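Novice: Pasting a structure below so you can have a look.
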Amino acid sequence: MDTASIVATTITDFDLLEEFAESLHDTTPVIERDMSRLKQTPGDQRIIADLFRSLHNIKGDAGLCKIRLGVAIAHPIETVLARLRNGEIVFSEILAEAILLAIDRLELAVENLCDHRSLENLRLPLLIQGLENLAATSSGSVGTMAGDMIEAVTDFRPVTESTTYFELSQTESSIERSPARISDTLLFFRSLAEQFETRSPRFKDRIQRLFRLAVETNHIRNQIVDPVQLEAAVYMHDIGMMFLPESVWLKDGQLTPEERTMLRGHPKYAAGLLSRMEGWETAAEMVAQHHEMPDGRGYPEGVTTRAICDGAKILAIVDAFESVMLKHASRGKSRSMLRAIAEINACDNQFDPDWIGPFNQVIHRTIERHAGWDPWE
């Protein structure tokens with residue numbers, strides 16, 4: 001298969017593309033749910049049949065909508081599920097992870113096409129080739145082949161059966177917290193963040209996860225960002241949301257243009273509070289810029305890389321990572337850190353590459369700390 005030509009295919013009918021995107025959006029949570037069920041009862045033929053049917057539908061919809069990429073990704077997964085159904089291969093955690101990663105990457109590719117963004121960073125040729133290899137490999141090599149595909153697409157070799165993101169909140173950082181953390185002001189900031197967390201059960205321990213990720217990422221680059229100011233920014237970056245109607249910032253569905261405009265104003269509220277407090281101007285700058293992007297497509301000001309401070313660049317990555325996890329959790333998806341970090345790395349021009357590398361190291365270390373077993377032993 002000429003994967004390069006498939007990936008480079010120009011979309012000529014965007015109505016068909018949007019139709020496929022809607023269908024895919026409805027189907028992917030069903031696949032995630034059924035994969036989770038299969039993990040509980042491996043070998044359940046009814047669940048395998050449901051998964052096969054879902055992939056067959058994706059392939060059929062992609063064909064009808066002339067999305068060759070969708071067919072190229074769905075077809076080898078369908079073959080894998082057919083072999084699983086026929087007893088030729090055995091279900092495993094690593095096989096499930098490879099399939100779910102492929103579905104994630106297809107969904108992200110379709111989103112990029114709808115937004116007229118590049119697919120270059122998604123490593124789709126490697127994904128498709130890896131799926132084809134997986135579909136054709138011998139039963140004894142399925143785990144190894146699935147791991148090879150995951151590593152090719154994400155740069156991470158899976159070392160654990162089930163590392164969950166929410167274990168981050170239970171992991172103690174080896175980094176000593178700044179002495180100023182005990183100050184009344186920082187405690188006040190943290191109390192505001194904890195109050196924000198109470199607005200939704202999905203936010204439980206959110207601030208603790210964000211703090212650890214941000215601090216460890218900064219530590220890898222020798223704390224070039226003031227750790228005290230970064231801590232304050234982590235606590236305060238979303239406090240501006242509390243000035244908006246909860247119906248907007250807790251909405252699960254798609255925002256209206258008016259709601260989106262309203263939501264994009266939240267960094268200014270929190271930054272405004274910090275800037276009026278003596279000594280927290282640096283934290284205010286981080287908060288104000290944490291939704292800006294290197295290519296100028298961010299908000300609220302649309303500034304580019306050189307104008308964005310390093311603290312904001314860290315905050316942008318860890319906040320987006322958390323958002324990916326919560327977004328899919330609300331859809332019933334049990335997403336692993338491995339697939340979430342793959343999505344963050346695939347977001348072309350959204351994050352500063354100087355900070356993506358250190359953040360990857362933090363996630364890699366976290367995965368290794370939770371390694372319960374090695375599927376290749």
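Simple scheme: letters A, B, ... for chains in structure tokens order, numbers from 1 for residues in each chain, numbers from 1 for ligands in the order shown.
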Find the nearest atom pair between each residue of range 48-128 of chain A and range 334-354 of chain A for residues within 9 Å, count only C-alpha atoms, give distances in Å to one decimal, sort rows by chain and ascending number, and present the table as a Markdown table.
Specialist:
| residue | atom | partner | partner_atom | distance |
| --- | --- | --- | --- | --- |
| A:Glu97 | CA | A:Arg339 | CA | 8.2 |
| A:Leu100 | CA | A:Arg339 | CA | 8.1 |
| A:Leu101 | CA | A:Arg339 | CA | 5.8 |
| A:Asp104 | CA | A:Arg339 | CA | 7.6 |
| A:Arg105 | CA | A:Glu343 | CA | 7.5 |
| A:Leu108 | CA | A:Glu343 | CA | 7.7 |
| A:Arg117 | CA | A:Asp348 | CA | 8.1 |
| A:Ser118 | CA | A:Asp348 | CA | 7.3 |
| A:Leu119 | CA | A:Asp348 | CA | 8.2 |
| A:Glu120 | CA | A:Asp348 | CA | 8.0 |
| A:Asn121 | CA | A:Ala346 | CA | 5.2 |
| A:Leu122 | CA | A:Ala346 | CA | 5.2 |
| A:Arg123 | CA | A:Ala346 | CA | 8.3 |
Novice: Could you go through range 48-251 of chain A and tell me which residues DSSP, when run on the backbone, assigns to alpha helix (DSSP H), listing them as a PyMOL selection string?
Specialist: chain A and resi 48-64+68-85+93-114+124-136+142-154+184-197+206-220+227-236+246-249
